[in-house]
Amino acid sequence: MLISCNWLARHVDLDGVDLDELGNRFTLNVAELEGVHRLGQDAAQCVVGYVLEAAHIDGTHLHLCQVDTGDSDPRQIICGAPNIAAGQSVPVVLPGMQLGDLKIEERTVRGHLSQGMIASEAELGLSEDNDGIMVLADPAQPGTVLGDLFPIEDVLFEIDNKSLTHRPDCWGHRGIAREVAALIGRPLKPQSQRIEYTDETPIDIRIQAPEACYRYTAVTMDQVSVAPSPLWLKILLHRVGIRSINNAVDATNFVMLDLGNPLHAFDARQITGNCITVRHAKDGEQFTTLDETDRQLTQSDLLIADGERGVALAGIMGGLNSEIKDDTTAIVLESATFNASTVRMTSSRLGLRTDSSARFEKSLDPNLAEDASTAFCVLLKELCPELRITSAFMDRFPQPVEQPIIDLSYDLVHRRLGTTLPEDTIDNYLTRLGFQIEKHDHGLRVTVPTWRATKDIGIAADLVEEIGRSYGYDNIAPTPPAVTLAKPAENKQKEFERAIRSYLTQGAGLDEVLTYSFDNEPLLEKIKSVPEKRLFLANAISAEMPAMRTSLAPNLLGALVKNERRFDSVNLFEIGRIFQPADDAKDLPQQPTTLGILIANKSESSDLFQHAKGIVLGLGIAIDRGQPELTQGGVSERPWVHPIRQARLSADGIQIGYLAEIHPLTLNQLDLGHQAAVIEINIDAWRERRVQELSYSALPKFPSVYRDFAVVVEESVRADDVRQAIACVDAELIRNVSFQSIFRSPELGKGLKCLAWSMTVRHDGRTLTDSEVRDLEDRVWRSLADRVSGKQRT
Amino acid sequence: MIEQLNALETEALSAVEKAAEETTVRELEVHYLGKKGALTAILRGMRDVPNEQRPIVGQRVNEVRASLQAAIDTQRTSIETARIEALCNDPHFDATLPSDRPKVGALHPLTKITYHIEDVFRAMGFHLLDYPEVESEYFNFEALNIPADHPARDMQDTFWLKNGHLLRTHTSPGQIRAMRTFQAPFRAIFPGKVFRFEKIDASHEHTFHQVEGLMIEREISVSNLIYSMKTLLDAIFEREVTIRLRPGYFPFVEPGFELDIQCQVCGGSGCSVCKQSGWLELLPCGLVHPEVLRHGGLDPNEWSGWAFGLGLSRLMMMKYQVEDIRHIMAGDLRFISQFRQG
């Protein structure tokens with residue numbers, strides 16, 4: 001929002017105030033200023049010129065003018081404007097002057113010397129009017145500096161609207177002026193305005209929706225002559241970004257920007273039945289707003305209607321059917337207070353945000369409606385002296401505003417601010433801002449002014465803030481809080497996640513990614529994996545992300561697709577939540593923190609299942625949970641899981657996740673040249689499993705003996721069965737059976753493989769004899785033959 | 001026999017001298033001096049030597065053994081020296097030849113910044129907590145004193161689920177959850193993903209990351225808040241920062257503030273980074289609103305606290321000068337791989 005300091009000066013004396021410094025204090029004490037802009041310095045330097053002569057230059061649109069600018073001789077200026085004529089008083093930019101980016105110099109146009117420029121209002125930055133040069137309504141002495149005639153120089157405060165959302169009182173210049181007055185310790189100028197009301201054409205007001213309209217007032221007037229606004233008004237409106245239309249419309253805008261209460265002026269000819277009804281629209285009711293757009297209304301929209309039809313969308317925009325026209329002479333002025341949510345809902349549903357709706361959305365003070373109506377009548381009377389008020393101040397105000405009364409102890413102020421302020425300083429801060437105070441034993445009874453009561457201030461803590469900001473937070477010295485010494489927090493969950501990340505990046509060489517918590521619908525459709533049960537968004541950002549993800553794997557596949565062309569090898573992980581609908585929709589869904597790992601490469605020869613298995617086993621050890629157990633097969637149906645090359649993962653007998661290669665069909669569907677494997681683990685579940693206790697046994701006193709077994713078995717035999725066939729022979733002496741290699745060859749024979757193992761044998765009490773070891777070896781071979789039909793490789 | 005010994009010595013010394021490999025030397029040692037070696041074989045002939053000559057022959061045997069052993073040791077040393085010299089004298093050694101180092105992965109930069117923040121707070125006795133992304137309207141809004149008709153509750157700002165729940169729009173619901181778990185006093189931070197219904201561009205994301213901080217004690221004041229924020233931010237930025245508080249409106253704090261830090265690029269004199277203001281808006285904070293304490297199960301007459309919310313995504317972008325917020329959630333390895341650990 002733009003605030004003009006010239007405008008502010010109508011409400012508070014700013015003489016001698018450093019406006020940059022004021023802007024800075026405003027930011028620190030009230031609301032954020034996004035900028036302080038100085039305007040009109042150039043234009044103010046222009047001088048008044050009297051056009052003595054304006055001769056048309058043949059074959060051009062130009063005029064050769066002789067202009068008296070107060071110098072001894074008239075100056076010659078070429079002017080291209082169609083409205084130039086002798087006898088006009090015009091603004092002249094003299095050679096050497098700067099106007100914005102434009103540097104004015106003497107120059108020759110079509111062989112004629114031009115000694116300056118006659119400017120339009122737009123060129124001077126005074127309005128948007130660029131149809132022709134500006135002609136002064138009241139002739140002035142040639143050579144008079146323009147800035148002495150009009151308030152052209154101004155300083156604009158650009159206020160961040162977001163920082164005013166809770167301040168309905170600050171949406172007009174007077175509200176800002178009230179804050180400025182408190183800041184600089186000067187009084188707010190009173191508004192002395194008197195209107196002569198009459199009773200000629202009363203208007204009947206009916207509020208049928210009192211919950212949506214707190215107050216509705218109307219005044220009728222006639223003998224209005226719609227005309228351009230005077231320059232001072234045009235300049236002020238232009239400064240704050242409002243286009244001047246005509247005096248009547250400009251007056252409504254001026255009052256809105258001045259007091260913060262939007263107004264609407266109807267053409268009285270179009271208001272039938274001399275009545276105004278405030279009612280909800282009917283579902284499907286059609287209404288054309290004055291931006292010439294047909295709108296379909298619903299029951300939640302509030303409509304202002306006359307005896308027959310809707311004439312305005314309450315608080316948002318008037319109707320095309322009743323707008324002020326050039327030939328309007330009689331006006332019905334609405335000044336009302338509408339419910340903030342009603343206005344906001346309609347405005348956002350229709351996508352129609354106006355200066356008016358933006359203000360009503362803030363919960364305006366209903367008392368402001370009367371001030372605004374009065375101010376409009378006074379202003380328009382000033383602009384059209386013939387104007388007559390033809391009604392009383394028609395006012396429907398079912399329920400006056402309640403003013404909260406808050407008990408505030410000085411002690412609370414001191415404790416919450418952490419500083420000790422004199423009592424009269426506190427009193428003064430509050431009264432300056434319009435609070436009424438009544439002192440009692442330990443504090444104050446504070447009555448909140450109506451303009452702060454609608455939404456902003458209701459409890460003692462709110463007053464502490466008013467006092468704190470008035471004092472200035474920069475003046476409060478920092479002091480350390482008195483904190484309770486407490487047991488150190490354990491933070492197990494975060495530590496567990498850190499241990500996982502640490503191993504996966506530094507031990508396993510994976511890169512961490514973050515992906516959306518949403519499903520990637522196009523990808524799920526491609527791989528025919530759209531889940532049945534999931535949490536749908538009511539307002540998805542796009543159809544491509546309609547629901548919450550139920551698994552990390554598809555998003556990791558998405559990341560693979562993204563990196564596929566640039567990286568032959570992609571190794572990723574993500575730790576994030578997945579979402580499973582609760583049985584009772586009222587409960588929050590299950591949102592387990594999940595680890596997803598995806599490894600992919602283009603090497604035909606690598607065994608990704610094995611690789612992934614290595615990562616997950618190592619991870620288990622690194623995070624003190626021990627290697628998870630793998631159970632081949634049985635991974636619940638996920639279309640991307642390879643039908644064979646898959647295993648369930650469990651810890652302590654509880655299933656925690658799965659490991660699988662990506663189905664070759666899935667890879668095809670995604671056009672991937674990579675092969676890939678995925679791991680998904682519920683790390684909340686894993687964390688809760690037993691931490692592996694570390695145990696120590698004394699170093700062996702007697703030597704270990706190692707024996708290797710190259711076992712030839714059928715392909716159908718599983719490695720772990722072979723290992724167990726060895727290990728089970730003597731659980732006490734056989735300390736370890738470790739895998740060495742797997743080998744296949746034509747010599748070995750079709751359908752056969754050779755698994756090589758190394759066995760460690762040791763007795764705790766003595767050195768084993770050769771014959772004991774040989775005996776054990778024989779028993780191992782017998783066990784291999786019996787259990788897995790294993791033969792010694794020859 | 002002496003001749004035999006002399007011949008053996010000559011032959012052996014010549015052989016040892018010619019030996020170029022340690023293994024050859026070893027073989028010669030075994031061959032001449034070993035238990036079953038040539039010298040032992042000659043010694044067996046001692047039986048046939050007359051008694052008076054035995055000392056002479058014996059002495060000669062010892063001489064030959066000693067001279068052979070000395071020659072063998074010398075040869076061994078010179079072979080070893082030559083080998084080491086050769087090893088240390090490779091003129092073609094190339095340290096620039098690329099190596100096959102173990103792969104080290106990258107932590108996401110957002111994780112790195114989160115770790116840093118967590119470490120600072122952990123050292124000061126804060127709990128590190130984690131709360132759900134799908135929240136109830138109660139925890140996200142109502143308990144935080146955000147009234148039913150507040151614009152934040154609109155579809156424009158919030159992702160709603162069809163079942164009536166929502167995606168948390170801030171980490172602040174954790175305030176209520178933490179108060180209910182730990183009661184008072186305590187201090188905690190809770191980082192995490194948050195969601196806003198927003199179209200994305202280089203500086204807007206519908207999914208981003210925040211960290212919330214909360215301290216609940218008997219008496220907390222604005223003065224304490226300023227001290228705490230300054231201390232924590234000094235630690236986070238690892239330098240002395242200048243901060244200022246200005247009024248800011250957030251329904252769950254009262255008084256509420258926007259905290260600015262003095263621009264580190266220009267030191268406060270104004271530059272393009274701080275839009276000439278000398279200050280950068282960093283985080284909202286304030287004293288916990290009495291209503292919020294009540295929803296957390298605490299009596300506002302007994303307890304008070306401060307809270308803040310810090311945008312981790314933005315902090316990370318500031319730290320690494322990341323130009324586009326969309327990189328964070330995109331899973332692009334060209335981005336991620338620039339943040340490898342050491």
# chains A, B, ... in the order shown; residues from 1 in each chain; ligands from 1

$ select_by_dssp --residues "range 157-313 of chain B" --states "strand (DSSP E or B)" --output "PyMOL selection string"
chain B and resi 160-161+166-167+186-195+201+204+207-217+243-247+253-262+279-288+304-311

$ interface_residues --of "chain A" --to "chain B" --cutoff "7 Å" --atoms "only C-alpha atoms" --output "VMD selection string"
chain A and resid 27 to 31 163 166 341 415 to 418 461 to 462 465 469 473 to 474 476 to 481 483 to 484 488 to 489 491 494 505 to 506 509 to 516 535 to 539 541 559 562 to 563 585 588 591

$ write_last_selection --atoms "C-alpha atoms" --output "compact mmCIF listing (two decimals), in the first residue's frame"
# COMPACT_ATOMS: atom_id res chain seq x y z
CA THR A 27 9.26 -0.12 10.20
CA LEU A 28 10.60 -0.78 13.68
CA ASN A 29 7.48 0.26 15.58
CA VAL A 30 4.49 -0.34 13.33
CA ALA A 31 4.84 -2.23 10.07
CA SER A 163 2.43 -6.62 7.70
CA HIS A 166 -4.12 -7.66 11.50
CA SER A 341 -15.06 -13.80 5.76
CA ARG A 415 7.89 -9.27 33.16
CA ARG A 416 6.95 -9.84 29.55
CA LEU A 417 9.12 -7.09 28.14
CA GLY A 418 11.98 -7.79 30.54
CA ALA A 461 -0.53 -9.71 25.98
CA ASP A 462 -1.80 -7.58 23.06
CA GLU A 465 2.94 -5.57 22.45
CA ARG A 469 6.62 -1.39 20.19
CA TYR A 473 12.34 -3.15 20.89
CA ASP A 474 15.81 -1.83 20.15
CA ILE A 476 15.23 -3.46 25.38
CA ALA A 477 18.54 -4.86 26.61
CA PRO A 478 19.06 -8.56 25.95
CA THR A 479 19.22 -10.73 29.08
CA PRO A 480 19.81 -14.47 29.25
CA PRO A 481 16.71 -16.48 30.15
CA VAL A 483 16.43 -21.87 32.24
CA THR A 484 15.90 -25.12 34.07
CA PRO A 488 20.17 -34.19 28.23
CA ALA A 489 17.72 -35.04 25.55
CA ASN A 491 17.23 -37.51 20.36
CA LYS A 494 17.53 -38.13 14.76
CA THR A 505 27.08 -41.71 1.99
CA GLN A 506 30.50 -42.49 3.39
CA GLY A 509 28.88 -44.16 -1.62
CA LEU A 510 25.21 -43.27 -2.16
CA ASP A 511 23.91 -39.74 -2.80
CA GLU A 512 21.04 -38.38 -0.75
CA VAL A 513 18.00 -36.93 -2.48
CA LEU A 514 14.77 -35.37 -1.28
CA THR A 515 11.58 -35.84 -3.25
CA TYR A 516 8.00 -34.66 -2.89
CA LEU A 535 -4.68 -40.34 0.73
CA PHE A 536 -6.05 -38.03 -1.92
CA LEU A 537 -5.61 -34.28 -1.82
CA ALA A 538 -8.75 -32.18 -2.02
CA ASN A 539 -6.79 -29.45 -3.82
CA ILE A 541 -1.36 -28.59 -7.10
CA ALA A 559 14.93 -39.48 -9.93
CA LYS A 562 15.74 -37.70 -14.48
CA ASN A 563 19.44 -38.59 -14.21
CA ALA A 585 -10.43 -41.50 8.52
CA LEU A 588 -4.17 -39.16 11.34
CA GLN A 591 3.33 -41.76 8.41

$ residues_around --residues "Leu608 in chain A" --least-positions-apart "6" --cutoff "9 Å" --atoms "only C-alpha atoms" --output "ChimeraX atom specification"
/A:599-601,660-661,675-677

$ atom_distance --atom1 "CA of Val219 in chain A" --atom2 "CA of Ala392 in chain A"
6.5 Å

$ atom_distance --atom1 "CA of Glu370 in chain A" --atom2 "CA of Tyr429 in chain A"
27.3 Å

$ residues_around --residues "Gln627 in chain A" --least-positions-apart "5" --cutoff "6 Å" --atoms "only C-alpha atoms" --output "list of chain:residue names"
A:Leu617, A:Gly620, A:Ile621

$ select_by_dssp --residues "range 574-664 of chain A" --states "alpha helix (DSSP H)" --output "VMD selection string"
chain A and resid 608 to 622 664

$ write_last_selection --atoms "C-alpha atoms" --output "PDB file, in the first residue's frame"
ATOM      1  CA  LEU A 608      22.519 -55.690  -8.318  1.00  0.00           C
ATOM      2  CA  PHE A 609      20.655 -57.902  -5.903  1.00  0.00           C
ATOM      3  CA  GLN A 610      23.966 -58.903  -4.385  1.00  0.00           C
ATOM      4  CA  HIS A 611      25.186 -55.345  -4.364  1.00  0.00           C
ATOM      5  CA  ALA A 612      22.061 -54.070  -2.636  1.00  0.00           C
ATOM      6  CA  LYS A 613      22.206 -56.921  -0.170  1.00  0.00           C
ATOM      7  CA  GLY A 614      25.760 -55.965   0.702  1.00  0.00           C
ATOM      8  CA  ILE A 615      24.647 -52.399   1.382  1.00  0.00           C
ATOM      9  CA  VAL A 616      21.765 -53.343   3.640  1.00  0.00           C
ATOM     10  CA  LEU A 617      23.764 -55.908   5.625  1.00  0.00           C
ATOM     11  CA  GLY A 618      26.574 -53.430   6.146  1.00  0.00           C
ATOM     12  CA  LEU A 619      24.025 -50.782   7.147  1.00  0.00           C
ATOM     13  CA  GLY A 620      22.595 -53.042   9.836  1.00  0.00           C
ATOM     14  CA  ILE A 621      26.006 -53.424  11.404  1.00  0.00           C
ATOM     15  CA  ALA A 622      26.844 -49.726  11.060  1.00  0.00           C
ATOM     16  CA  PRO A 664      12.622 -55.699 -16.238  1.00  0.00           C
TER      17      PRO A 664
END

$ closest_residue --among "B:Ser67, B:Thr23, B:Val273, B:Leu5" --to "Ile42 in chain B" --atoms "only C-alpha atoms"
B:Leu5

$ residues_around --residues "range 333-340 of chain A" --least-positions-apart "4" --cutoff "7 Å" --atoms "only C-alpha atoms" --output "PyMOL selection string"
chain A and resi 212-220+263-266+315+344+360-364+366+369+372-373

$ write_last_selection --atoms "N, CA and C atoms" --output "compact mmCIF listing (two decimals), in the first residue's frame"
# COMPACT_ATOMS: atom_id res chain seq x y z
N ALA A 212 -23.76 -11.00 8.17
CA ALA A 212 -22.80 -10.67 7.12
C ALA A 212 -22.68 -9.16 6.90
N CYS A 213 -23.61 -8.42 7.45
CA CYS A 213 -23.58 -6.96 7.30
C CYS A 213 -23.85 -6.35 8.67
N TYR A 214 -22.80 -5.76 9.26
CA TYR A 214 -22.94 -5.23 10.62
C TYR A 214 -23.56 -3.84 10.64
N ARG A 215 -23.40 -3.14 9.55
CA ARG A 215 -23.94 -1.78 9.50
C ARG A 215 -24.14 -1.40 8.05
N TYR A 216 -25.26 -0.74 7.78
CA TYR A 216 -25.47 -0.23 6.43
C TYR A 216 -26.03 1.18 6.55
N THR A 217 -25.34 2.13 5.94
CA THR A 217 -25.84 3.50 5.97
C THR A 217 -25.97 3.99 4.53
N ALA A 218 -26.92 4.90 4.33
CA ALA A 218 -27.08 5.49 3.00
C ALA A 218 -27.47 6.94 3.14
N VAL A 219 -27.00 7.73 2.18
CA VAL A 219 -27.38 9.14 2.11
C VAL A 219 -27.69 9.41 0.64
N THR A 220 -28.75 10.15 0.38
CA THR A 220 -29.02 10.50 -1.02
C THR A 220 -28.70 11.98 -1.22
N LEU A 263 -16.48 2.98 0.03
CA LEU A 263 -17.83 3.53 -0.19
C LEU A 263 -18.30 3.08 -1.56
N HIS A 264 -19.61 3.15 -1.76
CA HIS A 264 -20.08 2.94 -3.13
C HIS A 264 -21.15 3.97 -3.45
N ALA A 265 -21.00 4.61 -4.60
CA ALA A 265 -21.99 5.60 -5.02
C ALA A 265 -22.82 5.02 -6.17
N PHE A 266 -24.15 4.97 -5.97
CA PHE A 266 -25.05 4.50 -7.03
C PHE A 266 -25.64 5.70 -7.74
N GLY A 315 -19.39 -5.05 -0.77
CA GLY A 315 -18.01 -4.89 -0.33
C GLY A 315 -16.97 -5.20 -1.37
N ARG A 344 -14.33 -12.06 1.84
CA ARG A 344 -13.14 -12.77 1.36
C ARG A 344 -13.51 -14.02 0.55
N PHE A 360 -12.36 -4.70 3.47
CA PHE A 360 -13.39 -5.38 4.28
C PHE A 360 -12.88 -6.71 4.84
N GLU A 361 -11.97 -7.35 4.11
CA GLU A 361 -11.41 -8.62 4.60
C GLU A 361 -10.67 -8.47 5.92
N LYS A 362 -10.33 -7.23 6.28
CA LYS A 362 -9.53 -7.02 7.49
C LYS A 362 -10.40 -6.83 8.72
N SER A 363 -11.74 -6.87 8.59
CA SER A 363 -12.65 -6.63 9.72
C SER A 363 -12.64 -5.17 10.15
N LEU A 364 -13.33 -4.35 9.36
CA LEU A 364 -13.32 -2.91 9.63
C LEU A 364 -14.18 -2.56 10.84
N PRO A 366 -17.07 -0.75 12.45
CA PRO A 366 -18.34 -0.22 11.93
C PRO A 366 -18.52 1.27 12.20
N ALA A 369 -17.87 3.64 9.29
CA ALA A 369 -18.82 3.81 8.19
C ALA A 369 -19.45 5.20 8.23
N ALA A 372 -16.91 7.91 7.25
CA ALA A 372 -16.64 7.89 5.81
C ALA A 372 -17.77 8.54 5.04
N SER A 373 -19.01 8.25 5.44
CA SER A 373 -20.15 8.84 4.76
C SER A 373 -20.10 10.36 4.88

$ residues_around --residues "Ala38 in chain B" --least-positions-apart "2" --cutoff "12 Å" --atoms "only C-alpha atoms" --output "ChimeraX atom specification"
/B:4-5,7-9,11-12,28-36,40-45,61,64-65,68

$ closest_residue --among "B:Leu298, B:Leu283, B:Ala235, B:Val241" --to "Asp119 in chain B" --atoms "only C-alpha atoms"
B:Ala235

$ residues_around --residues "range 690-697 of chain A" --least-positions-apart "2" --cutoff "8 Å" --atoms "only C-alpha atoms" --output "JSON, numbers by chain"
{"A": [624, 625, 626, 652, 687, 688, 699]}

$ atom_distance --atom1 "CA of Leu350 in chain A" --atom2 "CA of Thr298 in chain A"
10.5 Å

$ decode --residues "range 79-96 of chain B" --atoms "N, CA and C atoms" --output "PDB file, in the first residue's frame"
ATOM      1  N   ILE B  79      72.496 -57.300  -3.098  1.00  0.00           N
ATOM      2  CA  ILE B  79      71.267 -57.519  -3.897  1.00  0.00           C
ATOM      3  C   ILE B  79      70.108 -56.707  -3.299  1.00  0.00           C
ATOM      4  N   GLU B  80      69.974 -56.734  -1.975  1.00  0.00           N
ATOM      5  CA  GLU B  80      68.867 -56.022  -1.307  1.00  0.00           C
ATOM      6  C   GLU B  80      68.999 -54.511  -1.517  1.00  0.00           C
ATOM      7  N   THR B  81      70.249 -54.054  -1.392  1.00  0.00           N
ATOM      8  CA  THR B  81      70.479 -52.624  -1.592  1.00  0.00           C
ATOM      9  C   THR B  81      70.100 -52.228  -3.015  1.00  0.00           C
ATOM     10  N   ALA B  82      70.541 -53.079  -3.949  1.00  0.00           N
ATOM     11  CA  ALA B  82      70.234 -52.771  -5.358  1.00  0.00           C
ATOM     12  C   ALA B  82      68.725 -52.770  -5.587  1.00  0.00           C
ATOM     13  N   ARG B  83      68.058 -53.731  -4.924  1.00  0.00           N
ATOM     14  CA  ARG B  83      66.602 -53.823  -5.117  1.00  0.00           C
ATOM     15  C   ARG B  83      65.915 -52.563  -4.574  1.00  0.00           C
ATOM     16  N   ILE B  84      66.318 -52.148  -3.370  1.00  0.00           N
ATOM     17  CA  ILE B  84      65.701 -50.974  -2.765  1.00  0.00           C
ATOM     18  C   ILE B  84      66.019 -49.730  -3.579  1.00  0.00           C
ATOM     19  N   GLU B  85      67.307 -49.697  -4.037  1.00  0.00           N
ATOM     20  CA  GLU B  85      67.674 -48.555  -4.867  1.00  0.00           C
ATOM     21  C   GLU B  85      66.807 -48.495  -6.119  1.00  0.00           C
ATOM     22  N   ALA B  86      66.628 -49.653  -6.712  1.00  0.00           N
ATOM     23  CA  ALA B  86      65.803 -49.688  -7.923  1.00  0.00           C
ATOM     24  C   ALA B  86      64.376 -49.226  -7.610  1.00  0.00           C
ATOM     25  N   LEU B  87      63.877 -49.657  -6.466  1.00  0.00           N
ATOM     26  CA  LEU B  87      62.512 -49.272  -6.082  1.00  0.00           C
ATOM     27  C   LEU B  87      62.414 -47.770  -5.851  1.00  0.00           C
ATOM     28  N   CYS B  88      63.489 -47.215  -5.354  1.00  0.00           N
ATOM     29  CA  CYS B  88      63.448 -45.795  -5.003  1.00  0.00           C
ATOM     30  C   CYS B  88      63.911 -44.909  -6.138  1.00  0.00           C
ATOM     31  N   ASN B  89      64.121 -45.515  -7.266  1.00  0.00           N
ATOM     32  CA  ASN B  89      64.726 -44.751  -8.336  1.00  0.00           C
ATOM     33  C   ASN B  89      63.932 -44.907  -9.626  1.00  0.00           C
ATOM     34  N   ASP B  90      62.538 -44.846  -9.471  1.00  0.00           N
ATOM     35  CA  ASP B  90      61.707 -45.020 -10.664  1.00  0.00           C
ATOM     36  C   ASP B  90      61.478 -43.645 -11.280  1.00  0.00           C
ATOM     37  N   PRO B  91      62.134 -43.331 -12.396  1.00  0.00           N
ATOM     38  CA  PRO B  91      62.032 -41.987 -12.960  1.00  0.00           C
ATOM     39  C   PRO B  91      60.664 -41.745 -13.596  1.00  0.00           C
ATOM     40  N   HIS B  92      59.875 -42.787 -13.767  1.00  0.00           N
ATOM     41  CA  HIS B  92      58.598 -42.605 -14.483  1.00  0.00           C
ATOM     42  C   HIS B  92      57.409 -42.584 -13.551  1.00  0.00           C
ATOM     43  N   PHE B  93      57.686 -42.510 -12.242  1.00  0.00           N
ATOM     44  CA  PHE B  93      56.559 -42.475 -11.311  1.00  0.00           C
ATOM     45  C   PHE B  93      55.651 -41.300 -11.644  1.00  0.00           C
ATOM     46  N   ASP B  94      54.328 -41.504 -11.628  1.00  0.00           N
ATOM     47  CA  ASP B  94      53.365 -40.481 -12.046  1.00  0.00           C
ATOM     48  C   ASP B  94      52.262 -40.365 -10.998  1.00  0.00           C
ATOM     49  N   ALA B  95      52.388 -39.338 -10.178  1.00  0.00           N
ATOM     50  CA  ALA B  95      51.390 -39.156  -9.115  1.00  0.00           C
ATOM     51  C   ALA B  95      50.050 -38.682  -9.663  1.00  0.00           C
ATOM     52  N   THR B  96      50.051 -38.260 -10.914  1.00  0.00           N
ATOM     53  CA  THR B  96      48.794 -37.715 -11.451  1.00  0.00           C
ATOM     54  C   THR B  96      47.894 -38.786 -12.048  1.00  0.00           C
TER      55      THR B  96
END
